[in-house]
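Undergrad: Contents are TSV, C-alpha atoms; file name model_22.tsv:
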```tsv
chain	number	residue	atom	x	y	z
A	798	MET	CA	72.07	90.06	119.18
A	799	ARG	CA	72.28	93.69	120.33
A	800	LYS	CA	72.35	94.92	116.75
A	801	LEU	CA	69.30	92.84	115.88
A	802	LEU	CA	67.31	94.26	118.78
A	803	LEU	CA	68.18	97.81	117.76
A	804	ILE	CA	66.72	97.46	114.29
A	805	LEU	CA	63.66	95.38	115.08
A	806	PRO	CA	61.40	98.44	115.58
A	807	LEU	CA	62.18	99.53	112.02
A	808	ILE	CA	61.27	96.21	110.42
A	809	ALA	CA	58.01	94.34	110.14
A	810	ILE	CA	58.47	90.62	110.72
A	811	THR	CA	55.97	88.61	108.74
A	812	GLY	CA	54.24	85.57	110.06
A	813	VAL	CA	54.53	81.99	108.98
A	814	GLY	CA	51.67	82.47	106.52
A	815	CYS	CA	53.77	84.72	104.29
A	816	ILE	CA	56.91	82.59	104.24
A	817	ASN	CA	56.30	78.87	104.36
A	818	VAL	CA	58.52	77.33	107.00
A	819	ARG	CA	59.95	73.85	106.76
A	820	THR	CA	62.88	71.81	107.97
A	821	GLU	CA	66.10	72.17	105.96
A	822	THR	CA	66.53	69.39	103.40
A	823	ALA	CA	68.98	68.63	100.61
A	824	ASP	CA	66.85	70.61	98.16
A	825	ALA	CA	66.65	73.67	100.41
A	826	GLY	CA	67.43	77.11	99.09
A	827	GLY	CA	68.41	80.26	100.93
A	828	ILE	CA	71.99	81.28	101.70
A	829	PHE	CA	75.08	79.12	102.15
A	830	ALA	CA	78.54	80.27	103.23
A	831	THR	CA	82.00	78.79	102.73
A	832	ALA	CA	85.41	80.00	103.86
A	833	ASP	CA	87.41	77.32	102.02
A	834	ALA	CA	86.04	77.35	98.45
A	835	GLY	CA	83.31	74.83	99.14
A	836	VAL	CA	85.11	72.22	101.24
A	837	LYS	CA	82.79	73.04	104.15
A	838	TRP	CA	79.51	74.92	104.12
A	839	SER	CA	77.34	76.63	106.71
A	840	VAL	CA	73.73	77.71	106.36
A	841	ARG	CA	72.64	81.32	107.00
A	842	ASN	CA	68.88	80.97	106.86
A	843	ALA	CA	67.66	82.17	110.26
A	844	LEU	CA	64.37	84.07	110.16
A	845	PRO	CA	63.26	85.45	113.55
A	846	LEU	CA	59.50	85.44	113.98
A	847	PRO	CA	57.25	86.20	116.94
A	848	GLN	CA	56.74	82.44	117.27
A	849	GLY	CA	60.48	81.75	117.33
A	850	VAL	CA	63.36	81.42	114.89
A	851	SER	CA	62.35	79.97	111.53
A	852	SER	CA	64.16	79.62	108.17
A	853	ILE	CA	64.35	81.11	104.68
A	854	GLY	CA	65.45	77.72	103.35
A	855	ASN	CA	62.41	77.45	101.09
A	856	ILE	CA	63.13	80.76	99.31
A	857	ASN	CA	64.79	81.12	95.90
A	858	ILE	CA	67.60	83.69	96.01
A	859	ILE	CA	68.58	85.53	92.82
A	860	GLY	CA	70.74	88.39	94.13
A	861	ILE	CA	73.02	89.28	97.07
A	862	THR	CA	73.95	92.94	97.65
A	863	TYR	CA	76.30	94.16	100.36
A	864	ASP	CA	75.93	97.70	101.67
A	865	PRO	CA	79.18	99.46	100.64
A	866	ASN	CA	78.97	101.57	103.82
A	867	ASP	CA	78.53	98.66	106.21
A	868	ALA	CA	79.63	95.13	105.41
A	869	GLU	CA	77.36	93.79	108.16
A	870	ALA	CA	74.32	94.91	106.16
A	871	LEU	CA	73.18	93.05	103.08
A	872	TYR	CA	70.09	92.56	100.95
A	873	LEU	CA	68.64	89.51	99.24
A	874	ALA	CA	66.64	89.71	96.02
A	875	THR	CA	64.32	86.73	95.74
A	876	ALA	CA	62.46	85.11	92.86
A	877	ASP	CA	59.04	85.27	94.48
A	878	SER	CA	59.33	86.22	98.16
A	879	GLY	CA	60.17	89.92	98.08
A	880	LEU	CA	63.12	91.69	99.70
A	881	LEU	CA	65.07	90.34	102.68
A	882	VAL	CA	67.60	92.34	104.70
A	883	SER	CA	70.19	91.45	107.33
A	884	TYR	CA	72.10	93.80	109.63
A	885	ASP	CA	74.39	91.15	111.10
A	886	ASP	CA	76.14	89.70	108.06
A	887	GLY	CA	73.41	87.18	107.33
A	888	ASP	CA	73.07	85.67	110.79
A	889	ALA	CA	69.40	86.70	110.78
A	890	TRP	CA	67.05	87.90	108.02
A	891	LEU	CA	64.18	90.35	108.21
A	892	ARG	CA	61.56	91.74	105.87
A	893	VAL	CA	61.00	95.45	105.30
A	894	LYS	CA	57.77	97.16	106.27
A	895	GLU	CA	56.77	98.22	102.75
A	896	GLU	CA	53.90	95.96	101.67
A	897	GLN	CA	54.91	95.87	97.99
A	898	LEU	CA	58.34	94.50	98.91
A	899	ARG	CA	57.08	91.62	101.04
A	900	GLY	CA	56.36	89.39	98.07
A	901	GLY	CA	57.01	88.91	94.38
A	902	ARG	CA	60.22	89.01	92.37
A	903	ILE	CA	62.97	91.51	93.22
A	904	ASN	CA	65.30	91.95	90.26
A	905	ALA	CA	68.00	94.16	91.79
A	906	VAL	CA	69.08	96.22	94.80
A	907	ALA	CA	71.56	99.12	94.95
A	908	VAL	CA	72.74	101.07	98.01
A	909	ASP	CA	74.04	104.65	97.87
A	910	PRO	CA	77.82	104.35	98.57
A	911	ASN	CA	77.75	107.54	100.67
A	912	ASN	CA	74.50	106.98	102.54
A	913	LYS	CA	73.45	103.56	103.80
A	914	CYS	CA	69.90	104.79	104.37
A	915	VAL	CA	69.34	105.35	100.63
A	916	VAL	CA	68.45	102.12	98.84
A	917	TYR	CA	66.98	101.52	95.38
A	918	VAL	CA	65.02	98.33	94.66
A	919	ALA	CA	63.88	97.09	91.24
A	920	LYS	CA	60.58	95.25	91.27
A	921	GLY	CA	58.51	94.70	88.14
A	922	SER	CA	58.43	97.88	86.07
A	923	ASN	CA	59.25	100.08	89.08
A	924	ILE	CA	62.19	101.41	91.03
A	925	MET	CA	61.33	101.84	94.70
A	926	LYS	CA	63.51	104.03	96.92
A	927	THR	CA	63.99	104.46	100.63
A	928	SER	CA	65.85	107.42	102.13
A	929	ASP	CA	65.32	106.46	105.77
A	930	CYS	CA	66.91	103.04	106.18
A	931	ASN	CA	63.92	100.94	105.05
A	932	ARG	CA	61.36	102.65	107.29
A	933	THR	CA	59.39	103.96	104.30
A	934	TYR	CA	59.64	103.58	100.52
A	935	ASP	CA	58.73	105.76	97.58
A	936	THR	CA	57.17	103.08	95.39
A	937	GLN	CA	57.02	105.37	92.34
A	938	ALA	CA	60.63	106.56	92.15
A	939	PHE	CA	60.63	105.23	88.59
A	940	VAL	CA	57.82	103.61	86.60
A	941	GLU	CA	58.38	102.02	83.19
A	942	THR	CA	55.18	103.16	81.48
A	943	ASN	CA	55.14	100.32	78.95
A	944	GLY	CA	55.25	97.77	81.76
A	945	THR	CA	58.63	96.30	80.87
A	946	ALA	CA	60.55	94.95	83.86
A	947	VAL	CA	63.43	96.92	85.32
A	948	THR	CA	66.23	94.35	85.46
A	949	VAL	CA	69.18	96.29	86.91
A	950	VAL	CA	69.78	99.34	89.11
A	951	ARG	CA	73.22	100.77	89.94
A	952	VAL	CA	74.47	103.85	91.83
A	953	ASP	CA	77.59	105.67	90.62
A	954	TRP	CA	80.32	105.14	93.23
A	955	TYR	CA	82.02	108.45	92.36
A	956	ASN	CA	78.91	110.61	92.16
A	957	PRO	CA	75.89	109.04	93.90
A	958	ASN	CA	73.63	111.68	92.33
A	959	ILE	CA	73.87	109.45	89.27
A	960	VAL	CA	71.69	106.35	89.22
A	961	TRP	CA	71.47	103.91	86.32
A	962	LEU	CA	68.77	101.42	85.48
A	963	ALA	CA	68.15	99.03	82.62
A	964	THR	CA	65.12	97.14	81.37
A	965	ALA	CA	64.13	93.84	79.82
A	966	SER	CA	63.39	95.63	76.55
A	967	GLY	CA	66.93	97.02	76.34
A	968	ASP	CA	66.51	100.62	77.53
A	969	ILE	CA	69.37	102.11	79.56
A	970	VAL	CA	68.13	104.99	81.70
A	971	LYS	CA	70.07	107.54	83.76
A	972	SER	CA	69.24	109.93	86.59
A	973	VAL	CA	71.57	112.72	87.72
A	974	ASP	CA	69.44	113.84	90.67
A	975	PHE	CA	69.15	110.81	92.96
A	976	GLY	CA	66.27	109.36	90.93
A	977	LYS	CA	64.01	112.41	90.87
A	978	SER	CA	64.05	112.50	87.05
A	979	TRP	CA	65.20	110.04	84.40
A	980	THR	CA	66.49	110.12	80.81
A	981	THR	CA	66.80	107.19	78.41
A	982	VAL	CA	70.39	107.38	77.11
A	983	THR	CA	70.36	104.44	74.69
A	984	ARG	CA	68.28	101.50	73.52
A	985	ALA	CA	70.19	98.24	73.18
A	986	ARG	CA	67.29	96.46	71.44
A	987	SER	CA	67.88	93.39	73.59
A	988	GLY	CA	67.10	92.72	77.22
A	989	ILE	CA	69.70	93.98	79.70
A	990	ILE	CA	70.69	91.28	82.17
A	991	ASP	CA	73.52	93.15	83.92
A	992	LEU	CA	75.03	96.61	84.07
A	993	MET	CA	78.45	97.43	85.54
A	994	ILE	CA	80.04	100.76	86.47
A	995	ASP	CA	83.81	100.49	86.05
A	996	ASN	CA	85.63	100.69	89.38
A	997	SER	CA	88.50	102.69	87.87
A	998	ASP	CA	86.40	105.31	86.07
A	999	SER	CA	82.67	105.61	86.67
A	1000	ARG	CA	82.17	107.18	83.25
A	1001	ILE	CA	82.81	103.71	81.80
A	1002	VAL	CA	79.62	101.61	81.92
A	1003	LEU	CA	79.04	98.16	80.41
A	1004	ALA	CA	75.58	96.69	79.83
A	1005	ALA	CA	75.36	92.96	79.09
A	1006	THR	CA	72.37	91.84	77.04
A	1007	ASP	CA	70.60	88.53	76.57
A	1008	LYS	CA	71.09	88.35	72.77
A	1009	ARG	CA	73.29	91.21	71.48
A	1010	GLY	CA	76.46	91.06	73.55
A	1011	PHE	CA	77.14	94.18	75.55
A	1012	TRP	CA	76.99	97.93	75.03
A	1013	ARG	CA	79.75	100.20	76.35
A	1014	THR	CA	80.11	103.90	77.09
A	1015	ALA	CA	83.29	105.67	78.18
A	1016	ASP	CA	81.75	109.12	78.57
A	1017	GLY	CA	78.96	108.62	81.07
A	1018	GLY	CA	76.37	107.60	78.50
A	1019	ALA	CA	76.79	110.36	75.90
A	1020	THR	CA	77.92	107.83	73.28
A	1021	TRP	CA	77.71	104.02	73.13
A	1022	THR	CA	79.36	101.23	71.15
A	1023	GLN	CA	78.08	97.71	70.62
A	1024	SER	CA	80.34	94.69	71.08
A	1025	ASP	CA	80.04	92.72	67.81
A	1026	ALA	CA	83.72	93.10	66.87
A	1027	ALA	CA	85.00	92.58	70.42
A	1028	LEU	CA	83.24	89.21	70.72
A	1029	GLU	CA	84.19	87.77	67.33
A	1030	GLY	CA	85.50	84.22	67.62
A	1031	PHE	CA	83.56	83.41	70.80
A	1032	THR	CA	80.49	81.47	69.69
A	1033	ASP	CA	77.29	82.61	71.44
A	1034	ALA	CA	79.18	85.08	73.65
A	1035	ASN	CA	76.57	87.63	72.58
A	1036	ARG	CA	74.13	85.88	74.96
A	1037	GLY	CA	75.28	87.37	78.23
A	1038	HIS	CA	74.75	86.19	81.80
A	1039	GLY	CA	76.65	88.62	84.02
A	1040	LEU	CA	79.63	90.89	84.71
A	1041	ALA	CA	82.11	91.14	87.58
A	1042	GLN	CA	85.30	93.12	88.12
A	1043	ALA	CA	88.35	93.62	90.29
A	1044	ALA	CA	88.16	96.21	93.04
A	1045	ASP	CA	90.37	98.57	91.03
A	1046	GLY	CA	88.63	97.88	87.70
A	1047	SER	CA	91.80	96.46	86.15
A	1048	VAL	CA	90.12	93.18	85.21
A	1049	ILE	CA	86.54	92.51	84.09
A	1050	TYR	CA	84.95	89.08	83.78
A	1051	TYR	CA	81.97	88.39	81.52
A	1052	THR	CA	79.89	85.19	81.63
A	1053	ASN	CA	77.86	84.18	78.61
A	1054	ASP	CA	76.69	81.18	76.57
A	1055	TYR	CA	80.27	80.66	75.33
A	1056	GLY	CA	81.67	80.49	78.85
A	1057	LEU	CA	83.88	83.01	80.64
A	1058	LEU	CA	85.74	85.94	79.04
A	1059	ARG	CA	88.19	88.41	80.56
A	1060	SER	CA	89.08	91.99	79.65
A	1061	ARG	CA	92.13	93.88	80.84
A	1062	ASP	CA	91.26	97.13	79.04
A	1063	HIS	CA	87.87	98.01	80.56
A	1064	GLY	CA	85.80	96.02	78.10
A	1065	ALA	CA	87.42	97.16	74.85
A	1066	THR	CA	88.81	93.68	74.02
A	1067	TRP	CA	88.27	90.20	75.45
A	1068	GLU	CA	90.07	86.88	75.85
A	1069	ALA	CA	88.65	83.45	76.69
A	1070	ILE	CA	89.41	81.75	79.99
A	1071	THR	CA	89.79	77.99	79.62
A	1072	LEU	CA	87.24	76.14	81.74
A	1073	LEU	CA	87.02	72.49	82.72
A	1074	THR	CA	83.95	72.12	80.51
A	1075	LYS	CA	83.68	72.65	76.77
A	1076	PRO	CA	82.55	76.10	75.54
A	1077	GLY	CA	78.79	76.36	75.55
A	1078	SER	CA	78.22	73.16	77.53
A	1079	THR	CA	77.64	74.65	80.98
A	1080	TYR	CA	75.41	77.53	82.01
A	1081	ILE	CA	77.10	79.85	84.51
A	1082	HIS	CA	74.46	81.19	86.89
A	1083	SER	CA	76.65	83.36	89.15
A	1084	LEU	CA	80.12	84.89	89.34
A	1085	ALA	CA	82.25	86.59	92.01
A	1086	VAL	CA	85.72	88.15	92.16
A	1087	ASN	CA	87.72	88.54	95.35
A	1088	PRO	CA	88.00	92.33	95.91
A	1089	LYS	CA	91.52	91.88	97.30
A	1090	ASP	CA	92.76	89.48	94.61
A	1091	SER	CA	91.38	89.60	91.06
A	1092	ASN	CA	92.94	86.19	90.30
A	1093	ASN	CA	90.66	84.59	92.89
A	1094	ILE	CA	87.41	83.99	91.05
A	1095	PHE	CA	84.34	81.83	91.61
A	1096	TYR	CA	81.42	80.79	89.47
A	1097	GLY	CA	78.40	78.62	90.13
A	1098	THR	CA	76.39	76.25	87.95
A	1099	ALA	CA	73.33	74.10	88.61
A	1100	THR	CA	75.37	71.60	90.63
A	1101	THR	CA	78.91	72.83	91.19
A	1102	LEU	CA	81.06	75.62	92.64
A	1103	TYR	CA	84.16	76.34	90.55
A	1104	SER	CA	87.05	78.32	92.04
A	1105	SER	CA	90.44	79.54	90.83
A	1106	ILE	CA	93.30	81.29	92.61
A	1107	ASP	CA	95.34	81.96	89.45
A	1108	GLY	CA	92.96	83.83	87.19
A	1109	GLY	CA	91.47	80.71	85.62
A	1110	THR	CA	94.68	78.87	84.74
A	1111	THR	CA	93.58	76.06	87.04
A	1112	TRP	CA	90.21	75.28	88.62
A	1113	ALA	CA	88.97	73.43	91.68
A	1114	THR	CA	85.43	72.07	91.91
A	1115	ARG	CA	83.14	71.33	94.81
A	1116	GLU	CA	79.61	70.02	94.88
A	1117	LEU	CA	77.02	72.54	96.00
A	1118	PRO	CA	75.41	71.93	99.41
A	1119	THR	CA	71.95	71.98	97.82
A	1120	GLN	CA	70.14	70.47	94.86
A	1121	ARG	CA	69.25	73.99	93.72
A	1122	ALA	CA	71.46	76.05	91.40
A	1123	ALA	CA	73.98	78.66	92.59
A	1124	THR	CA	72.04	81.65	91.25
A	1125	ALA	CA	73.66	84.39	93.37
A	1126	MET	CA	77.15	84.89	94.73
A	1127	SER	CA	79.03	87.53	96.73
A	1128	ILE	CA	82.25	87.74	98.73
A	1129	ASP	CA	82.14	89.16	102.25
A	1130	PRO	CA	83.94	92.57	102.11
A	1131	ASN	CA	85.10	92.26	105.71
A	1132	GLU	CA	86.37	88.70	105.42
A	1133	THR	CA	87.19	87.99	101.79
A	1134	SER	CA	87.81	84.28	102.39
A	1135	VAL	CA	84.05	83.95	102.94
A	1136	LEU	CA	81.86	83.39	99.90
A	1137	LEU	CA	78.07	83.61	100.15
A	1138	VAL	CA	76.02	81.59	97.66
A	1139	GLY	CA	72.31	82.01	97.10
A	1140	ALA	CA	70.38	79.04	95.75
A	1141	ALA	CA	67.28	78.83	93.57
A	1142	THR	CA	65.30	76.27	91.61
A	1143	ILE	CA	65.76	76.78	87.87
A	1144	GLU	CA	62.67	76.57	85.72
A	1145	ASP	CA	63.08	74.70	82.43
```
Starting from the coordinates I provided, produce the structure as structure tokens.
TA:
Amino acid sequence: MRKLLLILPLIAITGVGCINVRTETADAGGIFATADAGVKWSVRNALPLPQGVSSIGNINIIGITYDPNDAEALYLATADSGLLVSYDDGDAWLRVKEEQLRGGRINAVAVDPNNKCVVYVAKGSNIMKTSDCNRTYDTQAFVETNGTAVTVVRVDWYNPNIVWLATASGDIVKSVDFGKSWTTVTRARSGIIDLMIDNSDSRIVLAATDKRGFWRTADGGATWTQSDAALEGFTDANRGHGLAQAADGSVIYYTNDYGLLRSRDHGATWEAITLLTKPGSTYIHSLAVNPKDSNNIFYGTATTLYSSIDGGTTWATRELPTQRAATAMSIDPNETSVLLVGAATIED
């Protein structure tokens, strides 16, 4: 509780009128945690308010981002309720002071790996940036002039001067000065749904698209290749969902309409991982890789948590603790047996 009291002056807590409060039910959303691959679950939905402790159980979560400087700090991107932040590993959630981040859809969050006070947030066609630990935000750090949504933002782990973003129209944009100026480095001609900076070499960047597979650069964005040849033989693998990787970048996982693919050469070639369901029959909403063991992988669907401890040779399944889909997933960096799952209602 001491940590919570220390940061309360920096955060504006919103009243019940801004986040509808209700008792947890089977269809509740918010954040769920498991330390045993879904055998048991706990709920991390506490929302302190002036009137008392309430819940974020009615909120749809679409992204979970840990601060690489401080594993106790993490951010939630929501479908329609703005940005939520916790400084105690999800025991309590708060809302930032910036009015534009108190509501609406947040597509992505990225924290500077060298400075926990520098955070980039993608909302609508903008990137918003704080340099003072969420006290104030520059809401015009980047503006997509054609109004296309910014879908992804990433900070280079090797050189945090470099910031990447991608858009729903397929533009991949790079800054080399902490977001002061931006240059479009390629146009994928298909919406970017995820962008990954390789953990072994930050010059290698993969961008997964919604219809045209992924684009790859190995020279920091100077040149790009498209993945048609690499994905041959995997029906509908060009329709991407997301990317995840081992802590050392030795293994990359790619979810798509085919299912789950793996690369051991930084995205140059791919192999299929056999799932319990037929290819193309199950939509994978979220994916996570244990940073200490790349063979320990998780993915979530509309109803089920799938887990493997042998790189996908065998799978265990557990029913989700909610009727909402597992739309976000992240492993606690401090305690890698703990998996956080964010839930959301999926619109048909």
Undergrad: Find the spatial neighbours of Arg1009 of chain A, counting all atoms listed in the file, within a cut-off of 12 Å - ignore same-chain residues fewer than 3 positions away - and output them as a PyMOL selection string.
TA: chain A and resi 966-967+984-990+1004-1006+1012+1022-1028+1033-1038+1053-1054
Undergrad: From the set A:Ala1113, A:Arg951, A:Asn866, A:Lys894, which residue has the shortest atom-to-atom contact distance to Val906 of chain A, counting only C-alpha atoms?
TA: A:Arg951
Undergrad: One number please: atom CA of Thr964 of chain A to atom CA of Ala946 of chain A, in Å, one decimal.
TA: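 Interatomic distance, atom CA of Thr964 of chain A to atom CA of Ala946 of chain A: 5.6 Å.
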Undergrad: What lies within 12 Å of Lys1075 of chain A using all atoms listed in the file, ignoring chain neighbours under 2 positions off, as a CSV table (one decimal) with C-alpha atoms, in the frame of the given file?
TA:
```csv
chain,number,residue,atom,x,y,z
A,1032,THR,CA,80.5,81.5,69.7
A,1054,ASP,CA,76.7,81.2,76.6
A,1055,TYR,CA,80.3,80.7,75.3
A,1056,GLY,CA,81.7,80.5,78.8
A,1057,LEU,CA,83.9,83.0,80.6
A,1069,ALA,CA,88.6,83.4,76.7
A,1070,ILE,CA,89.4,81.8,80.0
A,1071,THR,CA,89.8,78.0,79.6
A,1072,LEU,CA,87.2,76.1,81.7
A,1073,LEU,CA,87.0,72.5,82.7
A,1077,GLY,CA,78.8,76.4,75.6
A,1078,SER,CA,78.2,73.2,77.5
A,1079,THR,CA,77.6,74.6,81.0
A,1080,TYR,CA,75.4,77.5,82.0
```
Undergrad: Taking all atoms listed in the file into account, which of A:Thr831, A:Ser972, A:Thr875, A:Thr1052 comes nearest Gly1017 of chain A?
TA: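 So, comparing all the options, the nearest one is A:Ser972.
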Undergrad: Return the single residue from A:Thr1124, A:Ser928, A:Ser997, A:Thr1114 that is closest to Gly835 of chain A, with distances computed using all atoms listed in the file.
TA: A:Thr1114
Undergrad: Can you work out which one of A:Thr1020, A:Thr942, A:Asn857, A:Ser1083 has the shortest atom-to-atom distance to Gly901 of chain A, counting all atoms listed in the file?
TA: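 Comparing A:Thr1020, A:Thr942, A:Asn857, A:Ser1083 against Gly901 of chain A, the winner is A:Asn857.
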Undergrad: When distances are computed from only C-alpha atoms, which of A:Tyr1050, A:Tyr872, A:Tyr917, A:Tyr955 shows the smallest separation from Leu891 of chain A?
TA: A:Tyr872
Undergrad: Find the residue from A:Leu880, A:Val916, A:Ala1044, A:Val947 that sits nearest to Arg892 of chain A; use only C-alpha atoms when measuring.
TA: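 Closest to Arg892 of chain A of all the choices is A:Leu880.
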Undergrad: Can you pull out every residue within 10 Å of Pro910 of chain A, counting only C-alpha atoms, but drop anything in the same chain fewer than 6 positions away, and send it as a PyMOL selection string?
TA: chain A and resi 864-867+916+952-957
Undergrad: Just write the chosen residues, C-alpha atoms, as an mmCIF file, in the coordinates of the input.
TA:
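Okay, this is what ended up in out.cif:
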```
data_model
loop_
_atom_site.group_PDB
_atom_site.id
_atom_site.type_symbol
_atom_site.label_atom_id
_atom_site.label_comp_id
_atom_site.auth_asym_id
_atom_site.auth_seq_id
_atom_site.Cartn_x
_atom_site.Cartn_y
_atom_site.Cartn_z
ATOM 1 C CA ASP A 864 75.930 97.700 101.670
ATOM 2 C CA PRO A 865 79.180 99.460 100.640
ATOM 3 C CA ASN A 866 78.970 101.570 103.820
ATOM 4 C CA ASP A 867 78.530 98.660 106.210
ATOM 5 C CA VAL A 916 68.450 102.120 98.840
ATOM 6 C CA VAL A 952 74.470 103.850 91.830
ATOM 7 C CA ASP A 953 77.590 105.670 90.620
ATOM 8 C CA TRP A 954 80.320 105.140 93.230
ATOM 9 C CA TYR A 955 82.020 108.450 92.360
ATOM 10 C CA ASN A 956 78.910 110.610 92.160
ATOM 11 C CA PRO A 957 75.890 109.040 93.900
#
```
